[in-house]
$ cat upload_35.pdb   # PDB, C-alpha atoms and all ligand atoms
ATOM      1  CA  MET H1071     -84.492 -78.162 170.348  1.00  0.00           C
ATOM      2  CA  SER H1072     -81.484 -76.113 169.376  1.00  0.00           C
ATOM      3  CA  LEU H1073     -81.798 -72.345 169.136  1.00  0.00           C
ATOM      4  CA  ILE H1074     -78.784 -70.258 168.106  1.00  0.00           C
ATOM      5  CA  VAL H1075     -78.456 -66.462 167.878  1.00  0.00           C
ATOM      6  CA  PHE H1076     -75.605 -65.163 165.727  1.00  0.00           C
ATOM      7  CA  GLY H1077     -74.187 -61.668 166.202  1.00  0.00           C
ATOM      8  CA  THR H1078     -72.413 -59.544 168.761  1.00  0.00           C
ATOM      9  CA  SER H1079     -74.758 -58.485 171.512  1.00  0.00           C
ATOM     10  CA  VAL H1080     -73.736 -54.837 171.538  1.00  0.00           C
ATOM     11  CA  SER H1081     -75.828 -54.667 168.382  1.00  0.00           C
ATOM     12  CA  PRO H1082     -79.251 -53.590 169.644  1.00  0.00           C
ATOM     13  CA  PHE H1083     -80.863 -55.872 167.069  1.00  0.00           C
ATOM     14  CA  VAL H1084     -79.056 -58.912 168.421  1.00  0.00           C
ATOM     15  CA  ARG H1085     -79.794 -57.881 171.993  1.00  0.00           C
ATOM     16  CA  LYS H1086     -83.517 -57.531 171.243  1.00  0.00           C
ATOM     17  CA  VAL H1087     -83.677 -61.159 170.104  1.00  0.00           C
ATOM     18  CA  ARG H1088     -81.742 -62.344 173.158  1.00  0.00           C
ATOM     19  CA  ILE H1089     -84.090 -60.442 175.477  1.00  0.00           C
ATOM     20  CA  VAL H1090     -87.155 -61.975 173.819  1.00  0.00           C
ATOM     21  CA  LEU H1091     -85.652 -65.456 174.167  1.00  0.00           C
ATOM     22  CA  THR H1092     -84.940 -64.826 177.850  1.00  0.00           C
ATOM     23  CA  GLU H1093     -88.374 -63.343 178.558  1.00  0.00           C
ATOM     24  CA  LYS H1094     -89.838 -66.488 177.028  1.00  0.00           C
ATOM     25  CA  GLY H1095     -87.666 -68.614 179.298  1.00  0.00           C
ATOM     26  CA  LEU H1096     -85.901 -70.288 176.376  1.00  0.00           C
ATOM     27  CA  PHE H1097     -82.447 -71.785 176.478  1.00  0.00           C
ATOM     28  CA  TYR H1098     -80.328 -70.784 173.470  1.00  0.00           C
ATOM     29  CA  ARG H1099     -76.748 -70.648 172.304  1.00  0.00           C
ATOM     30  CA  HIS H1100     -75.139 -67.326 171.405  1.00  0.00           C
ATOM     31  CA  GLU H1101     -72.463 -67.155 168.715  1.00  0.00           C
ATOM     32  CA  ASN H1102     -70.568 -63.918 168.722  1.00  0.00           C
ATOM     33  CA  VAL H1103     -70.402 -63.078 164.995  1.00  0.00           C
ATOM     34  CA  ASN H1104     -68.874 -59.726 164.027  1.00  0.00           C
ATOM     35  CA  GLU H1105     -70.707 -58.604 160.877  1.00  0.00           C
ATOM     36  CA  ALA H1106     -67.532 -56.870 159.619  1.00  0.00           C
ATOM     37  CA  LYS H1107     -65.588 -60.159 159.701  1.00  0.00           C
ATOM     38  CA  PRO H1108     -68.215 -62.835 159.233  1.00  0.00           C
ATOM     39  CA  PRO H1109     -67.476 -66.554 159.050  1.00  0.00           C
ATOM     40  CA  ASP H1110     -67.507 -68.456 155.771  1.00  0.00           C
ATOM     41  CA  GLY H1111     -71.004 -69.084 154.449  1.00  0.00           C
ATOM     42  CA  TRP H1112     -72.430 -66.176 156.453  1.00  0.00           C
ATOM     43  CA  ARG H1113     -74.662 -64.955 153.592  1.00  0.00           C
ATOM     44  CA  GLU H1114     -76.424 -68.309 153.548  1.00  0.00           C
ATOM     45  CA  LEU H1115     -77.578 -67.577 157.085  1.00  0.00           C
ATOM     46  CA  SER H1116     -77.969 -63.827 156.655  1.00  0.00           C
ATOM     47  CA  PRO H1117     -78.598 -62.908 153.004  1.00  0.00           C
ATOM     48  CA  LEU H1118     -78.135 -59.160 153.698  1.00  0.00           C
ATOM     49  CA  GLY H1119     -74.964 -59.816 155.668  1.00  0.00           C
ATOM     50  CA  LYS H1120     -76.401 -58.185 158.800  1.00  0.00           C
ATOM     51  CA  ILE H1121     -76.690 -59.354 162.380  1.00  0.00           C
ATOM     52  CA  PRO H1122     -78.633 -60.982 163.915  1.00  0.00           C
ATOM     53  CA  ALA H1123     -79.167 -64.289 162.191  1.00  0.00           C
ATOM     54  CA  PHE H1124     -80.860 -67.173 163.916  1.00  0.00           C
ATOM     55  CA  LYS H1125     -81.269 -70.916 163.689  1.00  0.00           C
ATOM     56  CA  ASP H1126     -83.929 -73.188 165.089  1.00  0.00           C
ATOM     57  CA  CYS H1127     -82.349 -76.589 164.376  1.00  0.00           C
ATOM     58  CA  ASP H1128     -81.889 -76.492 160.592  1.00  0.00           C
ATOM     59  CA  ARG H1129     -84.252 -73.539 159.993  1.00  0.00           C
ATOM     60  CA  ALA H1130     -82.444 -70.241 159.439  1.00  0.00           C
ATOM     61  CA  LEU H1131     -83.842 -66.709 159.750  1.00  0.00           C
ATOM     62  CA  ALA H1132     -82.406 -63.186 159.585  1.00  0.00           C
ATOM     63  CA  GLY H1133     -83.634 -59.805 160.824  1.00  0.00           C
ATOM     64  CA  SER H1134     -84.466 -59.106 164.454  1.00  0.00           C
ATOM     65  CA  SER H1135     -88.166 -58.313 164.000  1.00  0.00           C
ATOM     66  CA  VAL H1136     -88.698 -61.412 161.866  1.00  0.00           C
ATOM     67  CA  ILE H1137     -86.894 -63.583 164.408  1.00  0.00           C
ATOM     68  CA  CYS H1138     -88.904 -62.153 167.326  1.00  0.00           C
ATOM     69  CA  ALA H1139     -92.183 -62.641 165.432  1.00  0.00           C
ATOM     70  CA  TYR H1140     -91.175 -66.223 164.681  1.00  0.00           C
ATOM     71  CA  LEU H1141     -90.370 -66.865 168.343  1.00  0.00           C
ATOM     72  CA  GLU H1142     -93.810 -65.593 169.315  1.00  0.00           C
ATOM     73  CA  ARG H1143     -95.560 -68.101 167.035  1.00  0.00           C
ATOM     74  CA  ARG H1144     -93.203 -70.927 167.857  1.00  0.00           C
ATOM     75  CA  PHE H1145     -93.222 -70.368 171.637  1.00  0.00           C
ATOM     76  CA  PRO H1146     -96.463 -68.495 172.402  1.00  0.00           C
ATOM     77  CA  ILE H1147     -96.129 -68.534 176.215  1.00  0.00           C
ATOM     78  CA  PRO H1148     -95.684 -65.967 177.663  1.00  0.00           C
ATOM     79  CA  PRO H1149     -97.142 -63.825 174.880  1.00  0.00           C
ATOM     80  CA  LEU H1150     -95.057 -60.769 173.999  1.00  0.00           C
ATOM     81  CA  TYR H1151     -97.418 -59.401 171.337  1.00  0.00           C
ATOM     82  CA  PRO H1152    -100.938 -58.113 172.039  1.00  0.00           C
ATOM     83  CA  THR H1153    -103.830 -60.030 170.509  1.00  0.00           C
ATOM     84  CA  GLU H1154    -106.236 -57.113 169.926  1.00  0.00           C
ATOM     85  CA  PRO H1155    -105.570 -55.967 166.315  1.00  0.00           C
ATOM     86  CA  TYR H1156    -104.931 -52.277 166.971  1.00  0.00           C
ATOM     87  CA  ASP H1157    -102.807 -52.950 170.048  1.00  0.00           C
ATOM     88  CA  TYR H1158    -100.864 -55.497 168.025  1.00  0.00           C
ATOM     89  CA  ALA H1159    -100.205 -52.925 165.289  1.00  0.00           C
ATOM     90  CA  ARG H1160     -99.225 -50.266 167.862  1.00  0.00           C
ATOM     91  CA  ALA H1161     -96.701 -52.601 169.434  1.00  0.00           C
ATOM     92  CA  LEU H1162     -95.204 -53.265 165.988  1.00  0.00           C
ATOM     93  CA  TRP H1163     -95.168 -49.548 165.252  1.00  0.00           C
ATOM     94  CA  LEU H1164     -93.301 -48.742 168.461  1.00  0.00           C
ATOM     95  CA  GLU H1165     -90.783 -51.479 167.672  1.00  0.00           C
ATOM     96  CA  ASP H1166     -90.290 -49.908 164.221  1.00  0.00           C
ATOM     97  CA  TYR H1167     -90.118 -46.391 165.638  1.00  0.00           C
ATOM     98  CA  MET H1168     -87.184 -47.440 167.756  1.00  0.00           C
ATOM     99  CA  ASP H1169     -85.411 -49.782 165.350  1.00  0.00           C
ATOM    100  CA  ASP H1170     -85.713 -47.574 162.263  1.00  0.00           C
ATOM    101  CA  GLY H1171     -85.737 -44.141 163.919  1.00  0.00           C
ATOM    102  CA  PHE H1172     -84.188 -43.900 167.335  1.00  0.00           C
ATOM    103  CA  VAL H1173     -81.558 -46.657 167.113  1.00  0.00           C
ATOM    104  CA  PRO H1174     -79.840 -45.242 163.980  1.00  0.00           C
ATOM    105  CA  LEU H1175     -79.863 -41.752 165.534  1.00  0.00           C
ATOM    106  CA  GLY H1176     -78.360 -42.952 168.804  1.00  0.00           C
ATOM    107  CA  ARG H1177     -75.803 -45.050 166.991  1.00  0.00           C
ATOM    108  CA  SER H1178     -74.546 -42.291 164.681  1.00  0.00           C
ATOM    109  CA  LYS H1179     -74.728 -39.381 167.129  1.00  0.00           C
ATOM    110  CA  VAL H1180     -73.734 -41.006 170.436  1.00  0.00           C
ATOM    111  CA  PHE H1181     -72.677 -44.642 170.465  1.00  0.00           C
ATOM    112  CA  LEU H1182     -70.166 -44.561 167.595  1.00  0.00           C
ATOM    113  CA  PRO H1183     -68.476 -41.227 168.390  1.00  0.00           C
ATOM    114  CA  LEU H1184     -68.464 -41.511 172.186  1.00  0.00           C
ATOM    115  CA  ILE H1185     -67.913 -45.233 172.730  1.00  0.00           C
ATOM    116  CA  VAL H1186     -66.841 -47.211 169.679  1.00  0.00           C
ATOM    117  CA  GLU H1187     -64.461 -44.763 167.990  1.00  0.00           C
ATOM    118  CA  PRO H1188     -62.404 -43.939 171.125  1.00  0.00           C
ATOM    119  CA  LEU H1189     -62.273 -47.662 171.950  1.00  0.00           C
ATOM    120  CA  LEU H1190     -60.935 -48.488 168.482  1.00  0.00           C
ATOM    121  CA  ALA H1191     -58.431 -45.622 168.719  1.00  0.00           C
ATOM    122  CA  GLY H1192     -57.260 -46.854 172.143  1.00  0.00           C
ATOM    123  CA  LYS H1193     -58.341 -43.602 173.840  1.00  0.00           C
ATOM    124  CA  PRO H1194     -60.020 -43.534 177.262  1.00  0.00           C
ATOM    125  CA  GLU H1195     -62.725 -41.184 175.991  1.00  0.00           C
ATOM    126  CA  ALA H1196     -63.861 -39.130 173.014  1.00  0.00           C
ATOM    127  CA  ASP H1197     -62.220 -35.778 172.415  1.00  0.00           C
ATOM    128  CA  VAL H1198     -63.972 -32.569 173.457  1.00  0.00           C
ATOM    129  CA  ALA H1199     -65.256 -31.744 169.963  1.00  0.00           C
ATOM    130  CA  ALA H1200     -66.931 -35.165 169.645  1.00  0.00           C
ATOM    131  CA  GLN H1201     -68.441 -34.817 173.116  1.00  0.00           C
ATOM    132  CA  GLU H1202     -69.814 -31.385 172.269  1.00  0.00           C
ATOM    133  CA  ALA H1203     -71.278 -32.613 168.970  1.00  0.00           C
ATOM    134  CA  ALA H1204     -72.948 -35.551 170.738  1.00  0.00           C
ATOM    135  CA  GLY H1205     -74.289 -33.243 173.457  1.00  0.00           C
ATOM    136  CA  LYS H1206     -75.761 -30.934 170.811  1.00  0.00           C
ATOM    137  CA  ALA H1207     -77.478 -33.877 169.068  1.00  0.00           C
ATOM    138  CA  VAL H1208     -78.875 -35.113 172.371  1.00  0.00           C
ATOM    139  CA  ASP H1209     -80.210 -31.623 173.172  1.00  0.00           C
ATOM    140  CA  GLU H1210     -81.654 -30.950 169.730  1.00  0.00           C
ATOM    141  CA  GLU H1211     -82.646 -34.282 168.177  1.00  0.00           C
ATOM    142  CA  PHE H1212     -83.490 -36.660 171.003  1.00  0.00           C
ATOM    143  CA  PRO H1213     -86.226 -34.673 172.795  1.00  0.00           C
ATOM    144  CA  ALA H1214     -88.757 -35.209 169.974  1.00  0.00           C
ATOM    145  CA  PHE H1215     -88.418 -38.977 170.480  1.00  0.00           C
ATOM    146  CA  TRP H1216     -88.557 -38.736 174.248  1.00  0.00           C
ATOM    147  CA  ASP H1217     -91.575 -36.375 174.192  1.00  0.00           C
ATOM    148  CA  TYR H1218     -93.421 -38.825 171.973  1.00  0.00           C
ATOM    149  CA  LEU H1219     -92.539 -41.815 174.142  1.00  0.00           C
ATOM    150  CA  GLU H1220     -93.495 -39.982 177.340  1.00  0.00           C
ATOM    151  CA  ARG H1221     -96.910 -39.208 175.807  1.00  0.00           C
ATOM    152  CA  GLU H1222     -97.415 -42.722 174.464  1.00  0.00           C
ATOM    153  CA  LEU H1223     -96.562 -44.306 177.812  1.00  0.00           C
ATOM    154  CA  GLY H1224     -98.981 -42.059 179.699  1.00  0.00           C
ATOM    155  CA  GLU H1225     -99.626 -43.321 183.214  1.00  0.00           C
ATOM    156  CA  GLY H1226     -99.233 -46.968 182.245  1.00  0.00           C
ATOM    157  CA  GLU H1227     -96.657 -49.439 183.393  1.00  0.00           C
ATOM    158  CA  PHE H1228     -96.233 -50.745 179.832  1.00  0.00           C
ATOM    159  CA  PHE H1229     -96.549 -49.064 176.447  1.00  0.00           C
ATOM    160  CA  VAL H1230     -99.371 -51.211 175.071  1.00  0.00           C
ATOM    161  CA  GLY H1231    -101.938 -52.828 177.355  1.00  0.00           C
ATOM    162  CA  GLU H1232    -101.237 -54.239 180.791  1.00  0.00           C
ATOM    163  CA  HIS H1233     -98.412 -56.634 179.978  1.00  0.00           C
ATOM    164  CA  LEU H1234     -94.874 -56.634 178.705  1.00  0.00           C
ATOM    165  CA  THR H1235     -94.769 -56.557 174.896  1.00  0.00           C
ATOM    166  CA  ILE H1236     -92.246 -56.285 172.106  1.00  0.00           C
ATOM    167  CA  ALA H1237     -92.826 -52.510 172.231  1.00  0.00           C
ATOM    168  CA  ASP H1238     -91.456 -52.272 175.790  1.00  0.00           C
ATOM    169  CA  ILE H1239     -88.531 -54.501 174.918  1.00  0.00           C
ATOM    170  CA  ALA H1240     -87.662 -52.500 171.790  1.00  0.00           C
ATOM    171  CA  ILE H1241     -87.936 -49.136 173.572  1.00  0.00           C
ATOM    172  CA  ALA H1242     -85.836 -50.135 176.578  1.00  0.00           C
ATOM    173  CA  ASN H1243     -83.350 -51.982 174.401  1.00  0.00           C
ATOM    174  CA  ALA H1244     -82.800 -48.944 172.183  1.00  0.00           C
ATOM    175  CA  HIS H1245     -81.624 -47.026 175.254  1.00  0.00           C
ATOM    176  CA  VAL H1246     -79.019 -49.542 176.447  1.00  0.00           C
ATOM    177  CA  ASN H1247     -76.125 -48.434 174.238  1.00  0.00           C
ATOM    178  CA  LEU H1248     -76.886 -44.802 175.047  1.00  0.00           C
ATOM    179  CA  ARG H1249     -76.546 -45.488 178.747  1.00  0.00           C
ATOM    180  CA  TYR H1250     -73.052 -46.834 178.170  1.00  0.00           C
ATOM    181  CA  ALA H1251     -72.325 -43.267 177.067  1.00  0.00           C
ATOM    182  CA  GLY H1252     -74.178 -41.791 180.060  1.00  0.00           C
ATOM    183  CA  VAL H1253     -77.122 -40.615 177.955  1.00  0.00           C
ATOM    184  CA  ALA H1254     -80.677 -41.140 179.219  1.00  0.00           C
ATOM    185  CA  PRO H1255     -83.836 -39.006 179.255  1.00  0.00           C
ATOM    186  CA  ALA H1256     -83.635 -36.566 182.179  1.00  0.00           C
ATOM    187  CA  ARG H1257     -85.807 -37.572 185.120  1.00  0.00           C
ATOM    188  CA  ASN H1258     -87.256 -34.118 185.610  1.00  0.00           C
ATOM    189  CA  ARG H1259     -88.366 -33.643 181.984  1.00  0.00           C
ATOM    190  CA  TRP H1260     -89.419 -37.224 181.059  1.00  0.00           C
ATOM    191  CA  PRO H1261     -90.179 -38.765 184.491  1.00  0.00           C
ATOM    192  CA  ARG H1262     -92.478 -41.585 183.356  1.00  0.00           C
ATOM    193  CA  LEU H1263     -90.238 -42.667 180.497  1.00  0.00           C
ATOM    194  CA  ARG H1264     -87.171 -42.592 182.708  1.00  0.00           C
ATOM    195  CA  ALA H1265     -88.865 -44.634 185.453  1.00  0.00           C
ATOM    196  CA  PHE H1266     -90.009 -47.107 182.785  1.00  0.00           C
ATOM    197  CA  LEU H1267     -86.447 -47.468 181.481  1.00  0.00           C
ATOM    198  CA  ASP H1268     -85.109 -48.000 184.995  1.00  0.00           C
ATOM    199  CA  ARG H1269     -87.729 -50.700 185.629  1.00  0.00           C
ATOM    200  CA  MET H1270     -87.036 -52.424 182.328  1.00  0.00           C
ATOM    201  CA  HIS H1271     -83.263 -52.220 182.640  1.00  0.00           C
ATOM    202  CA  SER H1272     -83.404 -53.891 186.027  1.00  0.00           C
ATOM    203  CA  ARG H1273     -85.230 -56.950 184.654  1.00  0.00           C
ATOM    204  CA  SER H1274     -82.798 -59.853 184.554  1.00  0.00           C
ATOM    205  CA  SER H1275     -83.365 -60.246 180.789  1.00  0.00           C
ATOM    206  CA  PHE H1276     -81.632 -56.849 180.423  1.00  0.00           C
ATOM    207  CA  SER H1277     -79.291 -56.650 183.385  1.00  0.00           C
ATOM    208  CA  ASN H1278     -77.606 -59.996 182.693  1.00  0.00           C
ATOM    209  CA  LEU H1279     -76.795 -58.896 179.151  1.00  0.00           C
ATOM    210  CA  VAL H1280     -75.525 -55.541 180.364  1.00  0.00           C
ATOM    211  CA  LYS H1281     -73.215 -57.345 182.791  1.00  0.00           C
ATOM    212  CA  GLU H1282     -71.934 -59.419 179.887  1.00  0.00           C
ATOM    213  CA  GLU H1283     -71.504 -56.497 177.471  1.00  0.00           C
ATOM    214  CA  ALA H1284     -70.466 -53.544 179.563  1.00  0.00           C
ATOM    215  CA  PRO H1285     -66.939 -54.706 180.424  1.00  0.00           C
ATOM    216  CA  ILE H1286     -66.160 -54.473 176.696  1.00  0.00           C
ATOM    217  CA  PHE H1287     -66.600 -50.738 177.124  1.00  0.00           C
ATOM    218  CA  ASP H1288     -65.475 -50.589 180.747  1.00  0.00           C
ATOM    219  CA  ARG H1289     -68.828 -48.988 181.414  1.00  0.00           C
ATOM    220  CA  LEU H1290     -70.645 -51.069 184.009  1.00  0.00           C
ATOM    221  CA  SER H1291     -70.218 -49.016 187.155  1.00  0.00           C
ATOM    222  CA  GLY H1292     -72.971 -46.499 187.685  1.00  0.00           C
ATOM    223  CA  TRP H1293     -74.891 -47.675 184.622  1.00  0.00           C
ATOM    224  CA  ILE H1294     -78.185 -48.125 186.362  1.00  0.00           C
ATOM    225  CA  SER H1295     -77.780 -45.355 188.927  1.00  0.00           C
ATOM    226  CA  ASP H1296     -76.807 -42.467 186.634  1.00  0.00           C
TER     227      ASP H1296
HETATM  228  N1  LIG I1301     -83.422 -54.493 160.389  1.00  0.00           N
HETATM  229  C1  LIG I1301     -82.311 -55.319 160.806  1.00  0.00           C
HETATM  230  C2  LIG I1301     -81.135 -54.406 161.084  1.00  0.00           C
HETATM  231  C3  LIG I1301     -79.880 -55.164 161.453  1.00  0.00           C
HETATM  232  C4  LIG I1301     -78.649 -54.293 161.378  1.00  0.00           C
HETATM  233  O1  LIG I1301     -78.652 -53.181 160.819  1.00  0.00           O
HETATM  234  N2  LIG I1301     -77.566 -54.788 161.964  1.00  0.00           N
HETATM  235  C5  LIG I1301     -76.311 -54.080 161.876  1.00  0.00           C
HETATM  236  C6  LIG I1301     -75.506 -54.205 163.172  1.00  0.00           C
HETATM  237  S1  LIG I1301     -76.231 -53.268 164.482  1.00  0.00           S
HETATM  238  C7  LIG I1301     -75.480 -54.698 160.790  1.00  0.00           C
HETATM  239  O2  LIG I1301     -75.408 -55.909 160.705  1.00  0.00           O
HETATM  240  N3  LIG I1301     -74.861 -53.853 159.946  1.00  0.00           N
HETATM  241  C8  LIG I1301     -74.002 -54.334 158.908  1.00  0.00           C
HETATM  242  C9  LIG I1301     -74.476 -53.948 157.560  1.00  0.00           C
HETATM  243  O3  LIG I1301     -75.430 -53.127 157.465  1.00  0.00           O
HETATM  244  O4  LIG I1301     -73.890 -54.450 156.598  1.00  0.00           O
HETATM  245  C10 LIG I1301     -82.716 -56.114 162.043  1.00  0.00           C
HETATM  246  O5  LIG I1301     -83.649 -55.711 162.729  1.00  0.00           O
HETATM  247  O6  LIG I1301     -82.103 -57.156 162.300  1.00  0.00           O
END
$ encode --input "upload_35.pdb" --output "structure tokens"
Amino acid sequence: MSLIVFGTSVSPFVRKVRIVLTEKGLFYRHENVNEAKPPDGWRELSPLGKIPAFKDCDRALAGSSVICAYLERRFPIPPLYPTEPYDYARALWLEDYMDDGFVPLGRSKVFLPLIVEPLLAGKPEADVAAQEAAGKAVDEEFPAFWDYLERELGEGEFFVGEHLTIADIAIANAHVNLRYAGVAPARNRWPRLRAFLDRMHSRSSFSNLVKEEAPIFDRLSGWISD
């Protein structure tokens, strides 16, 4: 068996696939492709040119949700998708809600201006105007997502059913890049969501990737304890 994930892990879509592989106890190789400077023949692996792409021996796939769904069928134990039809659909919905809603918001309003742009400009941190704009977005645009997630989680340990699913992985994963910028739902306003994120982020499937990624941003210290 030879499983390969292509794409830089600071992409939440790449990270989601790596977390699923780890939660399933699978050994895989990671190839650090930058989608802006892809290797020759990249479009054969990833027809849209995006990361992640994936190979299982000579079988290629692209798109994080497709890859995760494939892994579930190919390696069913432990299951990361519910079997009951409505629960299954809810888990997929929550994955979509994060990947198509929250991730793009966090990327454009926080991760790019506060982390990536200063890094590329060789500055230790974003200028005051960028920090204020990000703070305004966090105050005005993020609470609707966090209110919804707090309600959906309820008193449960996991978002759907009694076990870890793709929904939990997608939700916690979507918050990783924000935490590099010191952004997380406040404990006093979203206590259950915040405790969930802390639990998820301390799983080794997350924390080992954070240890690998965070030095790129010089952002490891205090990540979990903010
Ligand atoms: N729906 C895709 C989204 C992947 C995606 O947008 N990846 C970004 C990096 S985070 C990318 O490759 N962007 C380059 C582009 O859009 O050309 C998935 O889940 O894999």
$ closest_atom_pairs --input "upload_35.pdb" --of "chain H" --to "ligand LIG 1301 (chain I)" --cutoff "10 Å" --atoms "all atoms listed in the file" --output "CSV"
residue,atom,partner,partner_atom,distance
H:Gly1077,CA,I:LIG1301,O2,8.1
H:Thr1078,CA,I:LIG1301,C6,8.3
H:Ser1079,CA,I:LIG1301,S1,8.9
H:Val1080,CA,I:LIG1301,S1,7.6
H:Ser1081,CA,I:LIG1301,S1,4.2
H:Pro1082,CA,I:LIG1301,S1,6.0
H:Phe1083,CA,I:LIG1301,O6,5.1
H:Val1084,CA,I:LIG1301,O6,7.1
H:Arg1085,CA,I:LIG1301,S1,9.5
H:Lys1086,CA,I:LIG1301,O5,8.7
H:Val1087,CA,I:LIG1301,O6,8.9
H:Val1103,CA,I:LIG1301,O2,9.7
H:Asn1104,CA,I:LIG1301,O2,8.3
H:Glu1105,CA,I:LIG1301,O2,5.4
H:Ala1106,CA,I:LIG1301,C8,7.0
H:Ser1116,CA,I:LIG1301,O2,9.3
H:Leu1118,CA,I:LIG1301,O4,7.0
H:Gly1119,CA,I:LIG1301,O4,5.6
H:Lys1120,CA,I:LIG1301,O2,3.1
H:Ile1121,CA,I:LIG1301,O2,4.0
H:Pro1122,CA,I:LIG1301,O6,5.4
H:Ala1123,CA,I:LIG1301,O6,7.7
H:Ala1132,CA,I:LIG1301,O6,6.6
H:Gly1133,CA,I:LIG1301,O6,3.4
H:Ser1134,CA,I:LIG1301,O6,3.7
H:Ser1135,CA,I:LIG1301,O5,5.4
H:Val1136,CA,I:LIG1301,O5,7.7
H:Ile1137,CA,I:LIG1301,O6,8.3
H:Cys1138,CA,I:LIG1301,O5,9.5
H:Glu1165,CA,I:LIG1301,O5,9.7
H:Asp1166,CA,I:LIG1301,O5,8.9
H:Asp1169,CA,I:LIG1301,O5,6.7
H:Asp1170,CA,I:LIG1301,N1,7.5
H:Val1173,CA,I:LIG1301,S1,8.9
H:Pro1174,CA,I:LIG1301,O1,8.6
H:Arg1177,CA,I:LIG1301,S1,8.6
$ closest_residue --input "upload_35.pdb" --among "H:Arg1259, H:Arg1269, H:Leu1190, H:Phe1212" --to "Ile1286 of chain H" --atoms "all atoms listed in the file"
H:Leu1190
$ atom_distance --input "upload_35.pdb" --atom1 "atom CA of Tyr1140 of chain H" --atom2 "atom CA of Lys1125 of chain H"
11.0 Å
$ resolve_selection --input "upload_35.pdb" --expression "the PyMOL selection byres (((chain H and resi 1093) around 9) and not hetatm)" --output "list in words"
Arg1088, Ile1089, Val1090, Leu1091, Thr1092, Lys1094, Gly1095, Leu1096, Pro1148, Leu1150, Ser1274 and Ser1275 of chain H
$ closest_residue --input "upload_35.pdb" --among "H:Phe1172, H:Tyr1250, H:Phe1181, H:Trp1216" --to "Ala1200 of chain H" --atoms "all atoms listed in the file"
H:Phe1181
$ atom_distance --input "upload_35.pdb" --atom1 "atom CA of Phe1229 of chain H" --atom2 "atom CA of Gly1205 of chain H"
27.5 Å
$ residues_near_point --input "upload_35.pdb" --point "(-86.8, -51.0, 183.4)" --cutoff "10 Å" --atoms "only C-alpha atoms" --output "ChimeraX atom specification"
/H:1227,1238-1239,1242-1243,1263-1274,1276-1277,1294
$ write_last_selection --input "upload_35.pdb" --atoms "C-alpha atoms" --output "compact mmCIF listing (two decimals), in the coordinates of the input"
# COMPACT_ATOMS: atom_id res chain seq x y z
CA GLU H 1227 -96.66 -49.44 183.39
CA ASP H 1238 -91.46 -52.27 175.79
CA ILE H 1239 -88.53 -54.50 174.92
CA ALA H 1242 -85.84 -50.14 176.58
CA ASN H 1243 -83.35 -51.98 174.40
CA LEU H 1263 -90.24 -42.67 180.50
CA ARG H 1264 -87.17 -42.59 182.71
CA ALA H 1265 -88.86 -44.63 185.45
CA PHE H 1266 -90.01 -47.11 182.78
CA LEU H 1267 -86.45 -47.47 181.48
CA ASP H 1268 -85.11 -48.00 185.00
CA ARG H 1269 -87.73 -50.70 185.63
CA MET H 1270 -87.04 -52.42 182.33
CA HIS H 1271 -83.26 -52.22 182.64
CA SER H 1272 -83.40 -53.89 186.03
CA ARG H 1273 -85.23 -56.95 184.65
CA SER H 1274 -82.80 -59.85 184.55
CA PHE H 1276 -81.63 -56.85 180.42
CA SER H 1277 -79.29 -56.65 183.38
CA ILE H 1294 -78.18 -48.12 186.36
$ atom_distance --input "upload_35.pdb" --atom1 "atom CA of Glu1220 of chain H" --atom2 "atom CA of Trp1260 of chain H"
6.2 Å
$ closest_residue --input "upload_35.pdb" --among "H:Leu1234, H:Ala1130, H:Val1208, H:Ala1240" --to "Met1168 of chain H" --atoms "all atoms listed in the file"
H:Ala1240
$ closest_residue --input "upload_35.pdb" --among "H:Ala1139, H:Val1075, H:Ala1204, H:Ala1196" --to "Lys1179 of chain H" --atoms "all atoms listed in the file"
H:Ala1204
$ residues_around --input "upload_35.pdb" --residues "Ala1254 of chain H" --least-positions-apart "5" --cutoff "8 Å" --atoms "only C-alpha atoms" --output "PyMOL selection string"
chain H and resi 1245+1248-1249+1264
$ closest_residue --input "upload_35.pdb" --among "H:Ile1074, H:Pro1155, H:Val1246, H:Pro1188" --to "Phe1124 of chain H" --atoms "only C-alpha atoms"
H:Ile1074
$ decode --input "upload_35.pdb" --residues "segment 1153-1164 of chain H" --atoms "C-alpha atoms" --output "compact mmCIF listing (two decimals), in the first residue's frame"
# COMPACT_ATOMS: atom_id res chain seq x y z
CA THR H 1153 -24.28 5.24 9.27
CA GLU H 1154 -27.78 6.55 10.06
CA PRO H 1155 -28.87 8.48 6.92
CA TYR H 1156 -29.78 11.80 8.54
CA ASP H 1157 -26.74 11.79 10.81
CA TYR H 1158 -24.61 11.00 7.79
CA ALA H 1159 -26.06 13.98 5.90
CA ARG H 1160 -25.63 16.27 8.93
CA ALA H 1161 -21.98 15.34 9.22
CA LEU H 1162 -21.51 16.14 5.52
CA TRP H 1163 -23.37 19.41 5.96
CA LEU H 1164 -21.17 20.49 8.86
